[in-house]
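J.: Below is structure33.txt; it holds compact mmCIF, N, CA and C atoms and all ligand atoms.
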# COMPACT_ATOMS: atom_id res chain seq x y z
N MET G 821 47.75 58.94 5.26
CA MET G 821 47.64 57.47 5.28
C MET G 821 46.23 57.00 5.62
N GLU G 822 45.47 57.81 6.31
CA GLU G 822 44.12 57.35 6.68
C GLU G 822 43.28 57.14 5.42
N ASN G 823 42.40 56.14 5.49
CA ASN G 823 41.48 55.83 4.40
C ASN G 823 42.17 55.33 3.13
N TYR G 824 43.41 54.84 3.28
CA TYR G 824 44.06 54.20 2.14
C TYR G 824 43.32 52.92 1.80
N THR G 825 43.21 52.62 0.51
CA THR G 825 42.69 51.32 0.11
C THR G 825 43.80 50.29 0.34
N PHE G 826 43.46 49.03 0.25
CA PHE G 826 44.46 47.99 0.39
C PHE G 826 45.59 48.20 -0.63
N ASP G 827 45.21 48.51 -1.87
CA ASP G 827 46.22 48.64 -2.92
C ASP G 827 47.06 49.90 -2.76
N GLN G 828 46.47 50.96 -2.26
CA GLN G 828 47.25 52.18 -1.99
C GLN G 828 48.25 51.92 -0.86
N TYR G 829 47.80 51.20 0.16
CA TYR G 829 48.69 50.84 1.26
C TYR G 829 49.87 50.02 0.73
N GLN G 830 49.55 49.05 -0.13
CA GLN G 830 50.59 48.19 -0.70
C GLN G 830 51.58 49.01 -1.53
N GLU G 831 51.09 49.96 -2.26
CA GLU G 831 51.98 50.82 -3.05
C GLU G 831 52.90 51.61 -2.13
N TRP G 832 52.36 52.10 -1.03
CA TRP G 832 53.17 52.83 -0.05
C TRP G 832 54.24 51.93 0.55
N VAL G 833 53.87 50.68 0.86
CA VAL G 833 54.84 49.71 1.37
C VAL G 833 55.98 49.56 0.35
N GLY G 834 55.60 49.47 -0.92
CA GLY G 834 56.60 49.29 -1.97
C GLY G 834 57.55 50.46 -2.10
N GLN G 835 57.08 51.66 -1.76
CA GLN G 835 57.95 52.83 -1.81
C GLN G 835 58.98 52.81 -0.69
N LEU G 836 58.63 52.18 0.42
CA LEU G 836 59.52 52.16 1.58
C LEU G 836 60.40 50.93 1.66
N CYS G 837 59.90 49.80 1.14
CA CYS G 837 60.56 48.52 1.38
C CYS G 837 61.65 48.25 0.34
N ARG G 838 62.82 47.86 0.81
CA ARG G 838 63.91 47.47 -0.07
C ARG G 838 64.39 46.05 0.23
N THR G 839 63.54 45.27 0.90
CA THR G 839 63.89 43.91 1.30
C THR G 839 63.61 42.95 0.15
N PRO G 840 64.56 42.08 -0.21
CA PRO G 840 64.27 41.05 -1.22
C PRO G 840 63.11 40.18 -0.74
N VAL G 841 62.41 39.54 -1.70
CA VAL G 841 61.19 38.82 -1.35
C VAL G 841 61.43 37.75 -0.29
N GLU G 842 62.58 37.06 -0.38
CA GLU G 842 62.80 36.01 0.63
C GLU G 842 62.97 36.62 2.02
N GLY G 843 63.52 37.81 2.08
CA GLY G 843 63.64 38.49 3.37
C GLY G 843 62.27 38.89 3.90
N SER G 844 61.38 39.30 3.01
CA SER G 844 60.03 39.67 3.45
C SER G 844 59.24 38.44 3.88
N ILE G 845 59.48 37.30 3.24
CA ILE G 845 58.81 36.06 3.68
C ILE G 845 59.30 35.69 5.07
N MET G 846 60.60 35.82 5.31
CA MET G 846 61.13 35.55 6.65
C MET G 846 60.57 36.55 7.65
N GLY G 847 60.47 37.81 7.22
CA GLY G 847 59.91 38.85 8.09
C GLY G 847 58.47 38.53 8.47
N LEU G 848 57.71 38.02 7.51
CA LEU G 848 56.31 37.65 7.77
C LEU G 848 56.24 36.57 8.84
N ALA G 849 57.08 35.56 8.72
CA ALA G 849 57.09 34.49 9.72
C ALA G 849 57.52 35.04 11.08
N GLY G 850 58.52 35.92 11.06
CA GLY G 850 59.00 36.50 12.32
C GLY G 850 57.94 37.34 13.01
N GLU G 851 57.23 38.15 12.24
CA GLU G 851 56.19 38.99 12.84
C GLU G 851 55.00 38.16 13.31
N ALA G 852 54.66 37.10 12.57
CA ALA G 852 53.61 36.19 13.04
C ALA G 852 54.04 35.56 14.36
N GLY G 853 55.33 35.26 14.46
CA GLY G 853 55.87 34.73 15.71
C GLY G 853 55.73 35.72 16.86
N GLU G 854 55.86 37.01 16.57
CA GLU G 854 55.69 38.01 17.63
C GLU G 854 54.25 38.04 18.12
N VAL G 855 53.29 37.78 17.22
CA VAL G 855 51.88 37.68 17.64
C VAL G 855 51.71 36.45 18.54
N VAL G 856 52.33 35.35 18.15
CA VAL G 856 52.26 34.13 18.96
C VAL G 856 52.88 34.39 20.33
N ASP G 857 53.95 35.16 20.37
CA ASP G 857 54.62 35.45 21.64
C ASP G 857 53.69 36.21 22.59
N LEU G 858 52.87 37.08 22.04
CA LEU G 858 51.90 37.79 22.89
C LEU G 858 50.94 36.78 23.54
N LEU G 859 50.49 35.80 22.77
CA LEU G 859 49.60 34.77 23.31
C LEU G 859 50.33 33.96 24.37
N LYS G 860 51.59 33.63 24.12
CA LYS G 860 52.39 32.87 25.10
C LYS G 860 52.45 33.61 26.43
N LYS G 861 52.65 34.93 26.35
CA LYS G 861 52.76 35.72 27.58
C LYS G 861 51.43 35.74 28.34
N ILE G 862 50.33 35.69 27.61
CA ILE G 862 49.02 35.65 28.26
C ILE G 862 48.81 34.28 28.92
N LEU G 863 49.11 33.22 28.18
CA LEU G 863 48.84 31.87 28.66
C LEU G 863 49.79 31.42 29.76
N TYR G 864 51.06 31.80 29.66
CA TYR G 864 52.05 31.20 30.57
C TYR G 864 52.76 32.19 31.48
N HIS G 865 52.61 33.49 31.21
CA HIS G 865 53.29 34.48 32.06
C HIS G 865 52.29 35.31 32.86
N GLY G 866 51.02 34.98 32.71
CA GLY G 866 50.00 35.68 33.49
C GLY G 866 49.77 37.12 33.08
N LYS G 867 50.19 37.48 31.87
CA LYS G 867 50.00 38.87 31.43
C LYS G 867 48.61 39.06 30.84
N LEU G 868 48.19 40.30 30.82
CA LEU G 868 46.92 40.65 30.17
C LEU G 868 47.22 40.99 28.71
N LEU G 869 46.19 40.91 27.90
CA LEU G 869 46.37 41.27 26.50
C LEU G 869 46.76 42.73 26.40
N ASP G 870 47.86 42.98 25.70
CA ASP G 870 48.29 44.34 25.40
C ASP G 870 47.74 44.66 24.00
N ARG G 871 46.58 45.27 23.98
CA ARG G 871 45.88 45.50 22.71
C ARG G 871 46.70 46.37 21.76
N GLU G 872 47.37 47.37 22.30
CA GLU G 872 48.16 48.26 21.44
C GLU G 872 49.34 47.51 20.82
N LYS G 873 49.97 46.65 21.64
CA LYS G 873 51.10 45.85 21.13
C LYS G 873 50.60 44.87 20.05
N LEU G 874 49.43 44.26 20.32
CA LEU G 874 48.86 43.35 19.32
C LEU G 874 48.59 44.09 18.01
N LYS G 875 48.05 45.29 18.14
CA LYS G 875 47.75 46.08 16.93
C LYS G 875 49.03 46.38 16.14
N LEU G 876 50.09 46.73 16.85
CA LEU G 876 51.36 47.02 16.17
C LEU G 876 51.93 45.77 15.48
N GLU G 877 51.86 44.64 16.18
CA GLU G 877 52.41 43.41 15.58
C GLU G 877 51.57 42.95 14.39
N LEU G 878 50.25 43.09 14.48
CA LEU G 878 49.42 42.74 13.32
C LEU G 878 49.72 43.67 12.14
N GLY G 879 50.03 44.91 12.45
CA GLY G 879 50.44 45.83 11.39
C GLY G 879 51.74 45.38 10.73
N ASP G 880 52.66 44.87 11.54
CA ASP G 880 53.91 44.35 10.98
C ASP G 880 53.65 43.15 10.08
N VAL G 881 52.72 42.28 10.51
CA VAL G 881 52.34 41.14 9.67
C VAL G 881 51.74 41.64 8.36
N LEU G 882 50.84 42.61 8.46
CA LEU G 882 50.20 43.16 7.26
C LEU G 882 51.22 43.76 6.30
N TRP G 883 52.21 44.45 6.88
CA TRP G 883 53.28 45.03 6.07
C TRP G 883 53.94 43.97 5.19
N TYR G 884 54.34 42.87 5.83
CA TYR G 884 55.04 41.82 5.07
C TYR G 884 54.12 41.08 4.12
N VAL G 885 52.85 40.89 4.50
CA VAL G 885 51.89 40.28 3.56
C VAL G 885 51.81 41.17 2.32
N ALA G 886 51.66 42.47 2.54
CA ALA G 886 51.55 43.41 1.41
C ALA G 886 52.81 43.37 0.56
N ASP G 887 53.98 43.30 1.21
CA ASP G 887 55.21 43.34 0.43
C ASP G 887 55.47 42.05 -0.34
N VAL G 888 55.20 40.91 0.28
CA VAL G 888 55.39 39.64 -0.45
C VAL G 888 54.46 39.61 -1.66
N ALA G 889 53.21 39.96 -1.45
CA ALA G 889 52.26 39.99 -2.56
C ALA G 889 52.72 40.97 -3.64
N ARG G 890 53.18 42.14 -3.20
CA ARG G 890 53.65 43.16 -4.16
C ARG G 890 54.79 42.62 -5.01
N GLN G 891 55.74 41.96 -4.36
CA GLN G 891 56.92 41.49 -5.10
C GLN G 891 56.57 40.36 -6.07
N TYR G 892 55.44 39.70 -5.84
CA TYR G 892 54.98 38.70 -6.80
C TYR G 892 53.91 39.25 -7.73
N GLY G 893 53.70 40.56 -7.70
CA GLY G 893 52.75 41.18 -8.62
C GLY G 893 51.29 40.92 -8.29
N ILE G 894 51.00 40.64 -7.03
CA ILE G 894 49.62 40.35 -6.62
C ILE G 894 49.09 41.55 -5.83
N PRO G 895 48.08 42.26 -6.37
CA PRO G 895 47.51 43.36 -5.59
C PRO G 895 46.94 42.85 -4.27
N LEU G 896 47.15 43.63 -3.22
CA LEU G 896 46.66 43.23 -1.90
C LEU G 896 45.15 43.04 -1.90
N SER G 897 44.46 43.82 -2.73
CA SER G 897 43.00 43.65 -2.82
C SER G 897 42.65 42.26 -3.35
N GLU G 898 43.51 41.70 -4.23
CA GLU G 898 43.24 40.34 -4.74
C GLU G 898 43.49 39.30 -3.66
N VAL G 899 44.46 39.56 -2.79
CA VAL G 899 44.69 38.65 -1.65
C VAL G 899 43.43 38.63 -0.79
N ARG G 900 42.94 39.82 -0.46
CA ARG G 900 41.72 39.94 0.35
C ARG G 900 40.54 39.26 -0.36
N ASP G 901 40.33 39.59 -1.63
CA ASP G 901 39.18 39.07 -2.36
C ASP G 901 39.24 37.56 -2.52
N GLY G 902 40.45 37.04 -2.73
CA GLY G 902 40.62 35.59 -2.84
C GLY G 902 40.28 34.89 -1.54
N ASN G 903 40.66 35.53 -0.43
CA ASN G 903 40.35 34.96 0.88
C ASN G 903 38.84 34.98 1.13
N VAL G 904 38.20 36.09 0.76
CA VAL G 904 36.75 36.20 0.92
C VAL G 904 36.05 35.14 0.07
N ALA G 905 36.50 34.97 -1.18
CA ALA G 905 35.88 33.99 -2.07
C ALA G 905 36.04 32.58 -1.52
N LYS G 906 37.24 32.27 -1.04
CA LYS G 906 37.51 30.94 -0.50
C LYS G 906 36.63 30.66 0.71
N LEU G 907 36.57 31.61 1.63
CA LEU G 907 35.82 31.37 2.86
C LEU G 907 34.31 31.44 2.65
N THR G 908 33.88 32.22 1.65
CA THR G 908 32.45 32.26 1.33
C THR G 908 32.01 30.91 0.79
N GLU G 909 32.89 30.30 -0.02
CA GLU G 909 32.57 28.97 -0.54
C GLU G 909 32.63 27.92 0.57
N ARG G 910 33.59 28.09 1.47
CA ARG G 910 33.75 27.10 2.55
C ARG G 910 32.60 27.18 3.55
N PHE G 911 32.12 28.41 3.80
CA PHE G 911 31.05 28.59 4.80
C PHE G 911 29.82 29.18 4.13
N PRO G 912 29.07 28.37 3.39
CA PRO G 912 27.95 28.89 2.60
C PRO G 912 26.81 29.43 3.45
N LYS G 913 26.74 29.07 4.73
CA LYS G 913 25.67 29.60 5.59
C LYS G 913 26.01 31.00 6.10
N GLY G 914 27.23 31.47 5.81
CA GLY G 914 27.61 32.82 6.23
C GLY G 914 28.20 32.88 7.62
N HIS G 915 28.42 31.73 8.21
CA HIS G 915 29.07 31.69 9.53
C HIS G 915 29.78 30.35 9.68
N PHE G 916 30.68 30.31 10.64
CA PHE G 916 31.46 29.10 10.88
C PHE G 916 30.60 27.97 11.42
N THR G 917 30.79 26.80 10.85
CA THR G 917 30.26 25.59 11.48
C THR G 917 31.37 24.54 11.38
N PRO G 918 31.49 23.70 12.40
CA PRO G 918 32.53 22.65 12.33
C PRO G 918 32.33 21.73 11.13
N GLU G 919 31.07 21.49 10.77
CA GLU G 919 30.79 20.60 9.64
C GLU G 919 31.30 21.21 8.33
N ASP G 920 31.00 22.50 8.11
CA ASP G 920 31.47 23.15 6.88
C ASP G 920 32.99 23.27 6.88
N SER G 921 33.55 23.49 8.05
CA SER G 921 35.01 23.57 8.14
C SER G 921 35.64 22.25 7.73
N ALA G 922 35.06 21.15 8.22
CA ALA G 922 35.59 19.83 7.89
C ALA G 922 35.34 19.47 6.43
N ALA G 923 34.21 19.93 5.87
CA ALA G 923 33.86 19.56 4.49
C ALA G 923 34.77 20.23 3.46
N ARG G 924 35.29 21.43 3.78
CA ARG G 924 36.21 22.14 2.87
C ARG G 924 35.66 22.22 1.45
N ALA G 925 34.47 22.79 1.30
CA ALA G 925 33.84 22.87 -0.02
C ALA G 925 34.74 23.58 -1.03
N ASP G 926 35.54 24.54 -0.56
CA ASP G 926 36.41 25.29 -1.47
C ASP G 926 37.56 24.44 -2.00
N GLU G 927 37.78 23.29 -1.42
CA GLU G 927 38.88 22.43 -1.88
C GLU G 927 38.38 21.27 -2.73
N LYS G 928 37.09 21.26 -3.01
CA LYS G 928 36.55 20.20 -3.88
C LYS G 928 37.09 20.42 -5.29
N PRO G 929 37.38 19.33 -6.00
CA PRO G 929 37.90 19.47 -7.35
C PRO G 929 36.89 20.11 -8.30
N ILE G 930 37.41 20.88 -9.26
CA ILE G 930 36.56 21.45 -10.30
C ILE G 930 37.13 21.02 -11.65
N MET G 931 36.31 21.04 -12.67
CA MET G 931 36.77 20.74 -14.02
C MET G 931 37.19 22.05 -14.68
N TYR G 932 38.38 22.06 -15.28
CA TYR G 932 38.83 23.19 -16.06
C TYR G 932 39.22 22.64 -17.42
N GLY G 933 38.37 22.89 -18.41
CA GLY G 933 38.56 22.21 -19.70
C GLY G 933 38.37 20.72 -19.45
N ASN G 934 39.39 19.95 -19.80
CA ASN G 934 39.30 18.51 -19.54
C ASN G 934 40.16 18.11 -18.34
N ARG G 935 40.60 19.11 -17.57
CA ARG G 935 41.45 18.83 -16.41
C ARG G 935 40.65 18.94 -15.12
N LEU G 936 40.97 18.07 -14.19
CA LEU G 936 40.39 18.12 -12.86
C LEU G 936 41.35 18.92 -11.97
N VAL G 937 40.88 20.06 -11.47
CA VAL G 937 41.73 20.93 -10.66
C VAL G 937 41.30 20.75 -9.21
N THR G 938 42.27 20.44 -8.37
CA THR G 938 41.92 20.11 -6.99
C THR G 938 42.40 21.12 -5.96
N HIS G 939 43.49 21.80 -6.22
CA HIS G 939 44.07 22.66 -5.19
C HIS G 939 43.44 24.05 -5.25
N PRO G 940 43.06 24.62 -4.09
CA PRO G 940 42.43 25.94 -4.11
C PRO G 940 43.31 27.01 -4.75
N ALA G 941 44.62 26.91 -4.58
CA ALA G 941 45.51 27.90 -5.20
C ALA G 941 45.44 27.79 -6.71
N GLN G 942 45.30 26.56 -7.23
CA GLN G 942 45.17 26.39 -8.68
C GLN G 942 43.87 27.01 -9.16
N LYS G 943 42.80 26.81 -8.39
CA LYS G 943 41.51 27.38 -8.79
C LYS G 943 41.60 28.90 -8.84
N LEU G 944 42.24 29.49 -7.83
CA LEU G 944 42.39 30.95 -7.81
C LEU G 944 43.28 31.42 -8.96
N ALA G 945 44.34 30.64 -9.25
CA ALA G 945 45.24 31.01 -10.35
C ALA G 945 44.51 30.97 -11.68
N ILE G 946 43.64 29.99 -11.87
CA ILE G 946 42.87 29.90 -13.12
C ILE G 946 41.95 31.11 -13.24
N GLU G 947 41.30 31.47 -12.14
CA GLU G 947 40.42 32.65 -12.18
C GLU G 947 41.22 33.90 -12.52
N ALA G 948 42.41 34.05 -11.90
CA ALA G 948 43.25 35.22 -12.17
C ALA G 948 43.72 35.22 -13.62
N PHE G 949 44.08 34.03 -14.12
CA PHE G 949 44.53 33.91 -15.51
C PHE G 949 43.43 34.32 -16.47
N LYS G 950 42.19 33.88 -16.17
CA LYS G 950 41.06 34.25 -17.02
C LYS G 950 40.86 35.76 -17.02
N ARG G 951 40.98 36.38 -15.82
CA ARG G 951 40.83 37.84 -15.75
C ARG G 951 41.93 38.54 -16.54
N GLU G 952 43.17 38.05 -16.40
CA GLU G 952 44.28 38.66 -17.13
C GLU G 952 44.11 38.49 -18.62
N ALA G 953 43.63 37.33 -19.03
CA ALA G 953 43.41 37.10 -20.45
C ALA G 953 42.36 38.08 -20.98
N ASP G 954 41.33 38.32 -20.17
CA ASP G 954 40.29 39.28 -20.57
C ASP G 954 40.86 40.69 -20.68
N ASP G 955 41.86 40.99 -19.81
CA ASP G 955 42.47 42.33 -19.83
C ASP G 955 43.60 42.43 -20.85
N GLY G 956 43.93 41.32 -21.54
CA GLY G 956 45.01 41.33 -22.51
C GLY G 956 46.38 41.24 -21.87
N CYS G 957 46.45 40.82 -20.62
CA CYS G 957 47.73 40.71 -19.91
C CYS G 957 47.94 39.24 -19.56
N GLY G 958 48.83 38.58 -20.28
CA GLY G 958 49.04 37.17 -20.06
C GLY G 958 50.09 36.88 -19.02
N PRO G 959 50.32 35.60 -18.78
CA PRO G 959 51.28 35.22 -17.75
C PRO G 959 52.71 35.61 -18.09
N ASP G 960 53.03 35.85 -19.38
CA ASP G 960 54.38 36.26 -19.73
C ASP G 960 54.74 37.59 -19.07
N GLU G 961 53.73 38.36 -18.74
CA GLU G 961 54.01 39.66 -18.15
C GLU G 961 54.11 39.61 -16.63
N MET G 962 53.90 38.41 -16.06
CA MET G 962 54.08 38.27 -14.62
C MET G 962 55.57 38.34 -14.31
N PRO G 963 55.96 39.04 -13.23
CA PRO G 963 57.39 39.11 -12.91
C PRO G 963 57.91 37.75 -12.46
N SER G 964 59.08 37.41 -12.94
CA SER G 964 59.68 36.15 -12.52
C SER G 964 60.39 36.37 -11.19
N TYR G 965 60.69 35.27 -10.53
CA TYR G 965 61.44 35.37 -9.27
C TYR G 965 62.75 36.08 -9.49
N LYS G 966 63.42 35.74 -10.60
CA LYS G 966 64.73 36.34 -10.88
C LYS G 966 64.62 37.86 -11.11
N SER G 967 63.58 38.26 -11.85
CA SER G 967 63.46 39.70 -12.11
C SER G 967 63.16 40.47 -10.84
N LEU G 968 62.56 39.80 -9.86
CA LEU G 968 62.25 40.47 -8.60
C LEU G 968 63.51 40.66 -7.76
N GLN G 969 64.55 39.92 -8.08
CA GLN G 969 65.80 40.03 -7.30
C GLN G 969 66.63 41.23 -7.71
N GLN G 970 66.32 41.84 -8.86
CA GLN G 970 67.14 42.93 -9.37
C GLN G 970 66.68 44.27 -8.85
MG MG Z 1001 57.02 43.42 15.19
Write out the structure in this file as structure tokens.
T.:
Amino acid sequence: MENYTFDQYQEWVGQLCRTPVEGSIMGLAGEAGEVVDLLKKILYHGKLLDREKLKLELGDVLWYVADVARQYGIPLSEVRDGNVAKLTERFPKGHFTPEDSAARADEKPIMYGNRLVTHPAQKLAIEAFKREADDGCGPDEMPSYKSLQQ
């Protein structure tokens, strides 16, 4: 398992996971809640950070992120790369500033053909669609929600 790429890790998750996508989405929320619970214990129960427990819970979050993306046909590397692209656009100076955070440059509308695209997810979807079109793989080959249930 050491030195697995994001996509190899995701493939391994897919070999082990038999949870329907809605169950994995609930699992993701539940595991994120376990991370929040660690913070609660620090803030209100006087506990110290349990780094090992945090690492395990973040791993559980990563597991469900990988599985939800897998079940929707999204390579985990694309999740990572999309996040990097979004935040690189949002923080052009290469570090956080409150001004850049408030400006949300990545959420500014762009023109796509004659359409004004405003939502960052739409912008990412257009980029992915263009890549798939270049690879000869169109949206018809994307798995539907129903096909993922079987
Ligand atoms: Mg857990």
J.: In Å to one decimal, how far is atom C of Gly850 of chain G from atom CA of Val833 of chain G?
T.: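 Separating atom CA of Val833 of chain G from atom C of Gly850 of chain G is a distance of 17.3 Å.
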J.: Please identify every residue of chain G that has at least one atom no farther than 6 Å from an atom of ligand MG 1001 (chain Z), counting only N, CA and C atoms and all ligand atoms, and for each give the shortest atom pair and the distance in Å to one decimal, arranged by chain then increasing number, as a tab-separated table.
T.:
residue	atom	partner	partner_atom	distance
G:Glu851	CA	Z:MG1001	MG	5.1
G:Leu876	C	Z:MG1001	MG	5.6
G:Glu877	CA	Z:MG1001	MG	4.6
G:Asp880	CA	Z:MG1001	MG	5.3
J.: As an exercise, work out the distance from atom CA of Lys906 of chain G to atom CA of Ala849 of chain G in Å and give it to one decimal place.
T.: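 Going from atom CA of Lys906 of chain G over to atom CA of Ala849 of chain G, I get 22.4 Å.
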J.: Just list the residues in segment 844-877 of chain G DSSP gives helix (DSSP H, G or I) on the backbone, as a list of chain:residue names.
T.: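 The residues of segment 844-877 of chain G classed as helix (DSSP H, G or I) are G:Ser844, G:Ile845, G:Met846, G:Gly847, G:Leu848, G:Ala849, G:Gly850, G:Glu851, G:Ala852, G:Gly853, G:Glu854, G:Val855, G:Val856, G:Asp857, G:Leu858, G:Leu859, G:Lys860, G:Lys861, G:Ile862, G:Leu863, G:Tyr864, G:Arg871, G:Glu872, G:Lys873, G:Leu874, G:Lys875, G:Leu876, G:Glu877.
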J.: Within 6 Å of (42.4, 46.9, -1.8), only C-alpha atoms: residues as a compact mmCIF listing (two decimals) with N, CA and C atoms, in the frame of the given file?
T.:
# COMPACT_ATOMS: atom_id res chain seq x y z
N THR G 825 43.21 52.62 0.51
CA THR G 825 42.69 51.32 0.11
C THR G 825 43.80 50.29 0.34
N PHE G 826 43.46 49.03 0.25
CA PHE G 826 44.46 47.99 0.39
C PHE G 826 45.59 48.20 -0.63
N ASP G 827 45.21 48.51 -1.87
CA ASP G 827 46.22 48.64 -2.92
C ASP G 827 47.06 49.90 -2.76
N LEU G 896 47.15 43.63 -3.22
CA LEU G 896 46.66 43.23 -1.90
C LEU G 896 45.15 43.04 -1.90
N SER G 897 44.46 43.82 -2.73
CA SER G 897 43.00 43.65 -2.82
C SER G 897 42.65 42.26 -3.35
J.: Taking into account only C-alpha atoms, which residue in the set G:Thr908, G:Tyr829, G:Val885, G:Asp920 is nearest to Gly843 of chain G?
T.: G:Val885
J.: Among segment 824-970 of chain G, which residues does DSSP mark as strand (DSSP E or B) when it is run on the backbone? Keep the chain and numbering as in the structure and answer as a ChimeraX atom specification.
T.: /G:930-932,935-937
J.: Atom CA of Leu848 of chain G and atom N of Glu822 of chain G are how many Å apart?
T.: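 Value for the atom CA of Leu848 of chain G-atom N of Glu822 of chain G distance: 22.9 Å.
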J.: For Val856 of chain G, please output as a list in words all residues within 12 Å (counting only C-alpha atoms; exclusion window: fewer than 3 positions along the same chain).
T.: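 Everything that qualifies: Ala849, Gly850, Glu851, Ala852, Gly853, Leu859, Lys860, Lys861, Ile862, Leu863, Tyr864, Leu869, Lys873, Leu874, Glu877, Leu878 and Val881 of chain G.
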